[in-house]
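Undergrad: Below you'll find the structure I mean.
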Amino acid sequence: MHVFITGASGWIGSAVLPELLGAGHRVTALARSDASAAALAAAGAEVRRGTLDDLDVLRDAALAADAVVHLAFKHDLAFTGRFDDAVAADRAAVEAIGEALAGTGKAFAAASGAPVSDGAVLTEADGHATVPGATGPHARFAVAEYVLGLAERDVRSMVLRFPPSVHGEGDYGFVPALVAVARERGRSGYLGEGANRWSAVQRFDAAAFVRLAIERAPAGATLHAVDDEGVPVRDIAAVVGRHLGVPTGAVAPEDAAAHFGWLAAFAADDRAASSARTRSLLDWKPTGPGLLEDLEQGHYFAVRPSGGE
């Protein structure tokens with residue numbers, strides 16, 4: 001297939017690109033900077049210049065392709081307290097792509113997050129209720145429901161739910177943020193008893209999942225990129241504390257914002273999920289290390305040189 005991908009230079013996308021190319025697909029990638037364009041071209045992609053705000057570019061590129069993989073998200077806004085602005089930009093981009101693909105039968109895979117499980121282990125059938133006017137991370141789920149609804153408009157649409165941790169060397173998501181907080185505070189913390197869980201997947205397993213999804217998934221599918229169903233946050237904190245040589249312990253809920261900063265809401269979430277249906281549907285077989293095993297390898301605790309990337 002000819003695949004148009006957004007977010008191809010990001011953490012997950014930069015693993016998805018070689019996965020697609022290696023399977024024989026032709027890839028056009030959205031690039032918002034000269035540096036990104038050069039890197040994507042060097043990796044073997046055709047480059048389309050633009051950003052998530054260039055809706056006409058998104059429409060044209062989607063129509064020119066056989067399938068669209070939408071991985072881009074304005075994490076620079078989301079991680080600095082402007083999550084609603086990031087979701088609004090995502091919604092506009094997804095709607096532009098969706099309207100362009102309506103009636104074509106083409107594949108459209110859009111990334112989303114794992115809903116809060118609150119003590120359960122969510123399956124692909126769960127977590128589809130949305131609250132009108134919801135803000136924050138929950139507002140992103142309404143975008144996912146829009147994507148699923150495109151199946152009724154002759155789009156082979158699917159939602160790719162990624163867990164809180166897509167881990168591996170070079171990760172710059174939630175787990176590195178926990179490490180940074182522990183290093184700064186001199187304490188590796190968890191909220192309450194730390195029994196809340198994060199599901200997880202290794203980065204290259206996630207890339208294979210994306211490829212299989214656009215090749216095999218039916219219209220209207222919700223898919224879970226999950227290997228570890230749920231790792232207790234206190235277990236993550238314990239490994240972090242041991243590697244940093246700092247104590248590990250509970251943080252009182254009233255002190256969460258002071259200790260974790262913007263990460264406080266996510267540190268409290270329970271996001272356990274199963275991928276049994278996804279594995280069966282796609283014949284997806286994760287082979288990478290689990291999150292705790294990956295943490296034990298030590299690369300999450302290396303201090304980068306001053307001024308380095």
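Naming scheme: A, B, ... for chains in displayed order of the structure tokens; residues 1 onward per chain; ligands 1 onward as shown.
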If you take only C-alpha atoms and a cut-off of 9 Å, which residues of region 103-191 of chain A touch region 206-224 of chain A, and what are their nearest atom pairs and distances in Å to one decimal, in chain and number order, as a tab-separated table?
TA:
residue	atom	partner	partner_atom	distance
A:Ala107	CA	A:Ile214	CA	6.4
A:Phe108	CA	A:Ile214	CA	7.6
A:Ala109	CA	A:Ile214	CA	6.7
A:Ala114	CA	A:His224	CA	8.0
A:Thr123	CA	A:His224	CA	8.0
A:Glu124	CA	A:Thr222	CA	5.6
A:Ala125	CA	A:Thr222	CA	7.4
A:Val147	CA	A:Gly220	CA	8.1
A:Leu148	CA	A:Gly220	CA	4.9
A:Gly149	CA	A:Gly220	CA	7.1
A:Leu150	CA	A:Gly220	CA	7.6
A:Ala151	CA	A:Gly220	CA	5.2
A:Glu152	CA	A:Gly220	CA	8.3
A:Asp154	CA	A:Ala219	CA	8.4
A:Val155	CA	A:Ala219	CA	6.8
A:Arg156	CA	A:Ala219	CA	4.0
A:Ser157	CA	A:Ala219	CA	5.0
A:Met158	CA	A:Ala221	CA	4.8
A:Val159	CA	A:Thr222	CA	4.9
A:Leu160	CA	A:Leu223	CA	5.1
A:Arg161	CA	A:His224	CA	5.0
A:Phe162	CA	A:His224	CA	6.4
A:Pro163	CA	A:His224	CA	7.9
A:Val166	CA	A:Ala206	CA	7.4
Undergrad: How would the residues just chosen look if you wrote them out with N, CA and C atoms as a PDB file, in the first residue's frame?
TA:
ATOM      1  N   ALA A 107      -8.092   2.750   4.402  1.00  0.00           N
ATOM      2  CA  ALA A 107      -7.813   2.525   5.822  1.00  0.00           C
ATOM      3  C   ALA A 107      -7.387   3.820   6.505  1.00  0.00           C
ATOM      4  N   PHE A 108      -7.858   4.000   7.729  1.00  0.00           N
ATOM      5  CA  PHE A 108      -7.488   5.157   8.545  1.00  0.00           C
ATOM      6  C   PHE A 108      -7.294   4.677   9.970  1.00  0.00           C
ATOM      7  N   ALA A 109      -6.030   4.651  10.409  1.00  0.00           N
ATOM      8  CA  ALA A 109      -5.684   4.234  11.762  1.00  0.00           C
ATOM      9  C   ALA A 109      -5.242   5.445  12.559  1.00  0.00           C
ATOM     10  N   ALA A 114      -5.014   4.700  26.305  1.00  0.00           N
ATOM     11  CA  ALA A 114      -5.788   3.696  27.032  1.00  0.00           C
ATOM     12  C   ALA A 114      -6.663   4.398  28.065  1.00  0.00           C
ATOM     13  N   THR A 123     -10.812  -4.337  28.111  1.00  0.00           N
ATOM     14  CA  THR A 123     -10.675  -5.007  26.826  1.00  0.00           C
ATOM     15  C   THR A 123     -10.970  -3.998  25.716  1.00  0.00           C
ATOM     16  N   GLU A 124     -10.824  -4.444  24.494  1.00  0.00           N
ATOM     17  CA  GLU A 124     -11.073  -3.570  23.349  1.00  0.00           C
ATOM     18  C   GLU A 124     -12.539  -3.138  23.263  1.00  0.00           C
ATOM     19  N   ALA A 125     -13.425  -3.864  23.922  1.00  0.00           N
ATOM     20  CA  ALA A 125     -14.845  -3.518  23.897  1.00  0.00           C
ATOM     21  C   ALA A 125     -15.200  -2.447  24.922  1.00  0.00           C
ATOM     22  N   VAL A 147     -13.466   8.695  14.941  1.00  0.00           N
ATOM     23  CA  VAL A 147     -12.760   7.835  13.982  1.00  0.00           C
ATOM     24  C   VAL A 147     -13.518   6.531  13.787  1.00  0.00           C
ATOM     25  N   LEU A 148     -13.945   5.891  14.861  1.00  0.00           N
ATOM     26  CA  LEU A 148     -14.682   4.639  14.743  1.00  0.00           C
ATOM     27  C   LEU A 148     -15.975   4.830  13.957  1.00  0.00           C
ATOM     28  N   GLY A 149     -16.613   5.970  14.124  1.00  0.00           N
ATOM     29  CA  GLY A 149     -17.853   6.252  13.409  1.00  0.00           C
ATOM     30  C   GLY A 149     -17.682   6.352  11.907  1.00  0.00           C
ATOM     31  N   LEU A 150     -16.466   6.609  11.450  1.00  0.00           N
ATOM     32  CA  LEU A 150     -16.213   6.694  10.011  1.00  0.00           C
ATOM     33  C   LEU A 150     -16.414   5.352   9.317  1.00  0.00           C
ATOM     34  N   ALA A 151     -16.444   4.255  10.077  1.00  0.00           N
ATOM     35  CA  ALA A 151     -16.708   2.943   9.479  1.00  0.00           C
ATOM     36  C   ALA A 151     -18.074   2.916   8.802  1.00  0.00           C
ATOM     37  N   GLU A 152     -19.016   3.715   9.292  1.00  0.00           N
ATOM     38  CA  GLU A 152     -20.347   3.785   8.691  1.00  0.00           C
ATOM     39  C   GLU A 152     -20.379   4.659   7.443  1.00  0.00           C
ATOM     40  N   ASP A 154     -17.980   4.283   4.960  1.00  0.00           N
ATOM     41  CA  ASP A 154     -17.105   3.569   4.021  1.00  0.00           C
ATOM     42  C   ASP A 154     -15.647   3.977   4.172  1.00  0.00           C
ATOM     43  N   VAL A 155     -15.191   3.998   5.412  1.00  0.00           N
ATOM     44  CA  VAL A 155     -13.765   4.152   5.716  1.00  0.00           C
ATOM     45  C   VAL A 155     -13.371   2.945   6.565  1.00  0.00           C
ATOM     46  N   ARG A 156     -12.246   2.291   6.258  1.00  0.00           N
ATOM     47  CA  ARG A 156     -11.776   1.183   7.097  1.00  0.00           C
ATOM     48  C   ARG A 156     -11.028   1.790   8.281  1.00  0.00           C
ATOM     49  N   SER A 157     -11.817   2.389   9.146  1.00  0.00           N
ATOM     50  CA  SER A 157     -11.251   3.158  10.254  1.00  0.00           C
ATOM     51  C   SER A 157     -10.994   2.266  11.458  1.00  0.00           C
ATOM     52  N   MET A 158      -9.962   2.631  12.233  1.00  0.00           N
ATOM     53  CA  MET A 158      -9.617   1.880  13.430  1.00  0.00           C
ATOM     54  C   MET A 158      -8.918   2.806  14.413  1.00  0.00           C
ATOM     55  N   VAL A 159      -9.043   2.487  15.684  1.00  0.00           N
ATOM     56  CA  VAL A 159      -8.384   3.256  16.737  1.00  0.00           C
ATOM     57  C   VAL A 159      -7.287   2.404  17.346  1.00  0.00           C
ATOM     58  N   LEU A 160      -6.101   2.975  17.420  1.00  0.00           N
ATOM     59  CA  LEU A 160      -4.938   2.307  18.004  1.00  0.00           C
ATOM     60  C   LEU A 160      -4.734   2.854  19.405  1.00  0.00           C
ATOM     61  N   ARG A 161      -5.096   2.083  20.404  1.00  0.00           N
ATOM     62  CA  ARG A 161      -4.918   2.515  21.791  1.00  0.00           C
ATOM     63  C   ARG A 161      -3.530   2.131  22.284  1.00  0.00           C
ATOM     64  N   PHE A 162      -2.735   3.144  22.600  1.00  0.00           N
ATOM     65  CA  PHE A 162      -1.395   2.905  23.128  1.00  0.00           C
ATOM     66  C   PHE A 162      -1.410   3.039  24.645  1.00  0.00           C
ATOM     67  N   PRO A 163      -0.628   2.229  25.333  1.00  0.00           N
ATOM     68  CA  PRO A 163      -0.595   2.268  26.799  1.00  0.00           C
ATOM     69  C   PRO A 163       0.188   3.474  27.302  1.00  0.00           C
ATOM     70  N   VAL A 166       5.139   3.314  26.232  1.00  0.00           N
ATOM     71  CA  VAL A 166       5.705   2.661  25.051  1.00  0.00           C
ATOM     72  C   VAL A 166       7.207   2.818  25.238  1.00  0.00           C
TER      73      VAL A 166
END
Undergrad: Contacts of Glu169 (chain A) at 10 Å or less, counting only C-alpha atoms, minus same-chain residues fewer than 6 places along, as a list in words?
TA: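 Residues near the query, excluding close chain neighbours: Gln202, Arg203, Asp294, Leu295, Gln297, Gly298, His299 and Tyr300 of chain A.
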Undergrad: I need the residues from that last selection saved to file as a short mmCIF file (atom, residue, chain, number, x, y, z; two decimals), in the first residue's frame (with N, CA, C and O atoms), if you can.
TA:
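See result_7.cif below for the written result:
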data_model
loop_
_atom_site.label_atom_id
_atom_site.label_comp_id
_atom_site.auth_asym_id
_atom_site.auth_seq_id
_atom_site.Cartn_x
_atom_site.Cartn_y
_atom_site.Cartn_z
N GLN A 202 6.78 -2.59 24.39
CA GLN A 202 8.07 -2.18 23.87
C GLN A 202 7.87 -1.49 22.50
O GLN A 202 6.99 -1.86 21.74
N ARG A 203 8.68 -0.49 22.23
CA ARG A 203 8.50 0.36 21.06
C ARG A 203 8.45 -0.40 19.73
O ARG A 203 7.59 -0.13 18.89
N ASP A 294 12.97 -3.87 30.95
CA ASP A 294 13.61 -2.79 30.19
C ASP A 294 14.23 -1.76 31.15
O ASP A 294 15.35 -1.30 30.94
N LEU A 295 13.52 -1.43 32.21
CA LEU A 295 14.05 -0.50 33.21
C LEU A 295 15.34 -1.03 33.84
O LEU A 295 16.29 -0.27 34.08
N GLN A 297 17.63 -2.62 32.54
CA GLN A 297 18.79 -2.53 31.66
C GLN A 297 19.60 -1.26 31.89
O GLN A 297 20.76 -1.18 31.46
N GLY A 298 18.99 -0.26 32.52
CA GLY A 298 19.74 0.91 32.97
C GLY A 298 19.73 2.12 32.07
O GLY A 298 20.11 3.21 32.51
N HIS A 299 19.30 1.99 30.83
CA HIS A 299 19.40 3.14 29.92
C HIS A 299 18.49 4.29 30.32
O HIS A 299 18.74 5.44 29.96
N TYR A 300 17.44 4.02 31.08
CA TYR A 300 16.55 5.10 31.53
C TYR A 300 17.24 6.03 32.54
O TYR A 300 16.74 7.12 32.81
#
Undergrad: Calculate how many Å separate CA of Thr278 (chain A) from CA of Val68 (chain A), rounding to one decimal.
TA: 19.3 Å
Undergrad: Pick from A:Leu191, A:Ala72, A:Ala111, A:Ala89: nearest to Ala264 (chain A), with only C-alpha atoms counted?
TA: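 Once distances to Ala264 (chain A) are computed over only C-alpha atoms, the minimum belongs to A:Leu191.
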Undergrad: Using only C-alpha atoms for the distances, tell me which of A:Ala39, A:Val303, A:Val201, A:Leu178 is nearest to Ser274 (chain A).
TA: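 Among A:Ala39, A:Val303, A:Val201, A:Leu178, it is A:Val201 that comes nearest to Ser274 (chain A).
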Undergrad: Need to verify the contact set: Ala37 (chain A), 12 Å, only C-alpha atoms, exclusion of same-chain residues closer than 5 positions in sequence. Can you return it as JSON, numbers by chain?
TA: {"A": [7, 8, 9, 28, 29, 30, 31, 32, 42, 43, 44, 45, 46, 47, 48, 49, 50, 51]}
Undergrad: Please determine, counting only C-alpha atoms, which residue among A:His138, A:His259, A:His167, A:His70 has the shortest atom-to-atom distance to Tyr190 (chain A).
TA: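 Going through A:His138, A:His259, A:His167, A:His70 one by one, the smallest distance to Tyr190 (chain A) is for A:His259.
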Undergrad: For Asp227 (chain A), which of A:Gly10, A:Gly133, A:Gly173, A:Pro164 is the closest residue, counting only C-alpha atoms?
TA: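 Ranking A:Gly10, A:Gly133, A:Gly173, A:Pro164 by distance to Asp227 (chain A), first place goes to A:Pro164.
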Undergrad: Per DSSP on the backbone, what are the helix (DSSP H, G or I) residues of region 39-239 of chain A, as a VMD selection string?
TA: chain A and resid 39 to 43 55 to 64 75 to 78 83 to 101 136 to 153 174 to 185 203 to 216 233 to 239
Undergrad: Where in region 46-121 of chain A does DSSP assign strand (DSSP E), given as an MDAnalysis selection string?
TA: chainID A and resid 46:49 67:70 107:113
Undergrad: Restricting the output to N, CA and C atoms, write the selected residues as a PDB file, in the first residue's frame.
TA:
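The new file selection-v2.pdb reads:
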ATOM      1  N   GLU A  46       8.915   9.286   1.272  1.00  0.00           N
ATOM      2  CA  GLU A  46       8.623  10.488   0.516  1.00  0.00           C
ATOM      3  C   GLU A  46       8.106  11.519   1.516  1.00  0.00           C
ATOM      4  N   VAL A  47       8.421  12.768   1.312  1.00  0.00           N
ATOM      5  CA  VAL A  47       8.137  13.786   2.326  1.00  0.00           C
ATOM      6  C   VAL A  47       7.067  14.752   1.840  1.00  0.00           C
ATOM      7  N   ARG A  48       6.122  15.031   2.711  1.00  0.00           N
ATOM      8  CA  ARG A  48       5.113  16.067   2.489  1.00  0.00           C
ATOM      9  C   ARG A  48       5.282  17.098   3.600  1.00  0.00           C
ATOM     10  N   ARG A  49       5.637  18.320   3.233  1.00  0.00           N
ATOM     11  CA  ARG A  49       5.856  19.352   4.245  1.00  0.00           C
ATOM     12  C   ARG A  49       4.526  19.894   4.753  1.00  0.00           C
ATOM     13  N   ALA A  67      -3.809   4.299   2.542  1.00  0.00           N
ATOM     14  CA  ALA A  67      -4.048   4.166   3.978  1.00  0.00           C
ATOM     15  C   ALA A  67      -3.394   5.338   4.693  1.00  0.00           C
ATOM     16  N   VAL A  68      -3.979   5.733   5.830  1.00  0.00           N
ATOM     17  CA  VAL A  68      -3.446   6.823   6.641  1.00  0.00           C
ATOM     18  C   VAL A  68      -3.197   6.305   8.054  1.00  0.00           C
ATOM     19  N   VAL A  69      -2.015   6.594   8.569  1.00  0.00           N
ATOM     20  CA  VAL A  69      -1.686   6.301   9.968  1.00  0.00           C
ATOM     21  C   VAL A  69      -1.438   7.634  10.649  1.00  0.00           C
ATOM     22  N   HIS A  70      -2.285   7.980  11.599  1.00  0.00           N
ATOM     23  CA  HIS A  70      -2.196   9.275  12.279  1.00  0.00           C
ATOM     24  C   HIS A  70      -1.643   9.063  13.684  1.00  0.00           C
ATOM     25  N   ALA A 107      -8.092   2.750   4.402  1.00  0.00           N
ATOM     26  CA  ALA A 107      -7.813   2.525   5.822  1.00  0.00           C
ATOM     27  C   ALA A 107      -7.387   3.820   6.505  1.00  0.00           C
ATOM     28  N   PHE A 108      -7.858   4.000   7.729  1.00  0.00           N
ATOM     29  CA  PHE A 108      -7.488   5.157   8.545  1.00  0.00           C
ATOM     30  C   PHE A 108      -7.294   4.677   9.970  1.00  0.00           C
ATOM     31  N   ALA A 109      -6.030   4.651  10.409  1.00  0.00           N
ATOM     32  CA  ALA A 109      -5.684   4.234  11.762  1.00  0.00           C
ATOM     33  C   ALA A 109      -5.242   5.445  12.559  1.00  0.00           C
ATOM     34  N   ALA A 110      -5.912   5.723  13.672  1.00  0.00           N
ATOM     35  CA  ALA A 110      -5.611   6.904  14.478  1.00  0.00           C
ATOM     36  C   ALA A 110      -5.220   6.493  15.886  1.00  0.00           C
ATOM     37  N   ALA A 111      -4.152   7.099  16.381  1.00  0.00           N
ATOM     38  CA  ALA A 111      -3.653   6.785  17.721  1.00  0.00           C
ATOM     39  C   ALA A 111      -4.533   7.409  18.792  1.00  0.00           C
ATOM     40  N   SER A 112      -4.651   6.705  19.895  1.00  0.00           N
ATOM     41  CA  SER A 112      -5.348   7.217  21.068  1.00  0.00           C
ATOM     42  C   SER A 112      -4.690   6.608  22.294  1.00  0.00           C
ATOM     43  N   GLY A 113      -5.191   6.977  23.468  1.00  0.00           N
ATOM     44  CA  GLY A 113      -4.643   6.457  24.709  1.00  0.00           C
ATOM     45  C   GLY A 113      -5.531   5.392  25.303  1.00  0.00           C
TER      46      GLY A 113
END
Undergrad: Given the choices A:Pro232, A:Pro286, A:Gly22, A:Gly98, which gets closest to Tyr146 (chain A) if the distance is worked out from only C-alpha atoms?
TA: A:Gly98
Undergrad: How many Å separate CA of Phe174 (chain A) from CA of Trp198 (chain A)?
TA: 10.2 Å
Undergrad: If we count only C-alpha atoms, what is near Asp76 (chain A) at a cut-off of 12 Å, once residues fewer than 5 positions away on the same chain are taken out, given as a ChimeraX atom specification?
TA: /A:10,81-83,85-87,172-173
Undergrad: Print the selection's residues with all heavy atoms to a file, as a PDB file, in the first residue's frame.
TA:
ATOM      1  N   GLY A  10       8.407  10.961  15.260  1.00  0.00           N
ATOM      2  CA  GLY A  10       8.222  10.866  16.706  1.00  0.00           C
ATOM      3  C   GLY A  10       8.706   9.541  17.264  1.00  0.00           C
ATOM      4  O   GLY A  10       9.261   8.695  16.552  1.00  0.00           O
ATOM      5  N   GLY A  81       0.658  21.569  30.209  1.00  0.00           N
ATOM      6  CA  GLY A  81      -0.598  22.019  30.787  1.00  0.00           C
ATOM      7  C   GLY A  81      -1.647  22.481  29.805  1.00  0.00           C
ATOM      8  O   GLY A  81      -2.712  22.954  30.215  1.00  0.00           O
ATOM      9  N   ARG A  82      -1.399  22.342  28.505  1.00  0.00           N
ATOM     10  CA  ARG A  82      -2.377  22.793  27.501  1.00  0.00           C
ATOM     11  C   ARG A  82      -2.953  21.593  26.748  1.00  0.00           C
ATOM     12  O   ARG A  82      -3.018  21.567  25.528  1.00  0.00           O
ATOM     13  CB  ARG A  82      -1.716  23.783  26.542  1.00  0.00           C
ATOM     14  CG  ARG A  82      -1.241  25.071  27.211  1.00  0.00           C
ATOM     15  CD  ARG A  82      -0.500  25.957  26.224  1.00  0.00           C
ATOM     16  NE  ARG A  82      -1.313  26.306  25.070  1.00  0.00           N
ATOM     17  CZ  ARG A  82      -0.834  26.874  23.953  1.00  0.00           C
ATOM     18  NH1 ARG A  82       0.454  27.131  23.858  1.00  0.00           N
ATOM     19  NH2 ARG A  82      -1.634  27.144  22.944  1.00  0.00           N
ATOM     20  N   PHE A  83      -3.376  20.589  27.493  1.00  0.00           N
ATOM     21  CA  PHE A  83      -3.870  19.365  26.877  1.00  0.00           C
ATOM     22  C   PHE A  83      -5.093  19.637  26.005  1.00  0.00           C
ATOM     23  O   PHE A  83      -5.243  19.048  24.926  1.00  0.00           O
ATOM     24  CB  PHE A  83      -4.210  18.335  27.956  1.00  0.00           C
ATOM     25  CG  PHE A  83      -4.173  16.922  27.458  1.00  0.00           C
ATOM     26  CD1 PHE A  83      -3.051  16.133  27.651  1.00  0.00           C
ATOM     27  CD2 PHE A  83      -5.261  16.369  26.782  1.00  0.00           C
ATOM     28  CE1 PHE A  83      -3.013  14.824  27.182  1.00  0.00           C
ATOM     29  CE2 PHE A  83      -5.220  15.070  26.314  1.00  0.00           C
ATOM     30  CZ  PHE A  83      -4.097  14.294  26.509  1.00  0.00           C
ATOM     31  N   ASP A  85      -5.823  22.240  24.268  1.00  0.00           N
ATOM     32  CA  ASP A  85      -5.404  22.815  22.986  1.00  0.00           C
ATOM     33  C   ASP A  85      -4.848  21.727  22.068  1.00  0.00           C
ATOM     34  O   ASP A  85      -5.086  21.735  20.851  1.00  0.00           O
ATOM     35  CB  ASP A  85      -4.340  23.893  23.206  1.00  0.00           C
ATOM     36  CG  ASP A  85      -4.892  25.138  23.872  1.00  0.00           C
ATOM     37  OD1 ASP A  85      -6.126  25.346  23.807  1.00  0.00           O
ATOM     38  OD2 ASP A  85      -4.106  25.904  24.461  1.00  0.00           O
ATOM     39  N   ALA A  86      -4.114  20.800  22.647  1.00  0.00           N
ATOM     40  CA  ALA A  86      -3.570  19.692  21.856  1.00  0.00           C
ATOM     41  C   ALA A  86      -4.692  18.826  21.303  1.00  0.00           C
ATOM     42  O   ALA A  86      -4.647  18.401  20.135  1.00  0.00           O
ATOM     43  CB  ALA A  86      -2.620  18.862  22.709  1.00  0.00           C
ATOM     44  N   VAL A  87      -5.711  18.569  22.113  1.00  0.00           N
ATOM     45  CA  VAL A  87      -6.841  17.761  21.659  1.00  0.00           C
ATOM     46  C   VAL A  87      -7.622  18.482  20.566  1.00  0.00           C
ATOM     47  O   VAL A  87      -8.061  17.872  19.585  1.00  0.00           O
ATOM     48  CB  VAL A  87      -7.765  17.401  22.836  1.00  0.00           C
ATOM     49  CG1 VAL A  87      -9.052  16.754  22.335  1.00  0.00           C
ATOM     50  CG2 VAL A  87      -7.054  16.464  23.802  1.00  0.00           C
ATOM     51  N   TYR A 172      10.974   9.254  25.777  1.00  0.00           N
ATOM     52  CA  TYR A 172      10.866  10.548  26.451  1.00  0.00           C
ATOM     53  C   TYR A 172       9.443  10.790  26.964  1.00  0.00           C
ATOM     54  O   TYR A 172       8.989  11.920  27.095  1.00  0.00           O
ATOM     55  CB  TYR A 172      11.297  11.687  25.516  1.00  0.00           C
ATOM     56  CG  TYR A 172      10.637  11.705  24.141  1.00  0.00           C
ATOM     57  CD1 TYR A 172       9.385  12.274  23.949  1.00  0.00           C
ATOM     58  CD2 TYR A 172      11.281  11.158  23.038  1.00  0.00           C
ATOM     59  CE1 TYR A 172       8.789  12.302  22.699  1.00  0.00           C
ATOM     60  CE2 TYR A 172      10.705  11.180  21.779  1.00  0.00           C
ATOM     61  CZ  TYR A 172       9.454  11.756  21.614  1.00  0.00           C
ATOM     62  OH  TYR A 172       8.862  11.755  20.364  1.00  0.00           O
ATOM     63  N   GLY A 173       8.731   9.699  27.295  1.00  0.00           N
ATOM     64  CA  GLY A 173       7.358   9.797  27.760  1.00  0.00           C
ATOM     65  C   GLY A 173       7.221   9.811  29.272  1.00  0.00           C
ATOM     66  O   GLY A 173       8.037  10.395  29.995  1.00  0.00           O
TER      67      GLY A 173
END
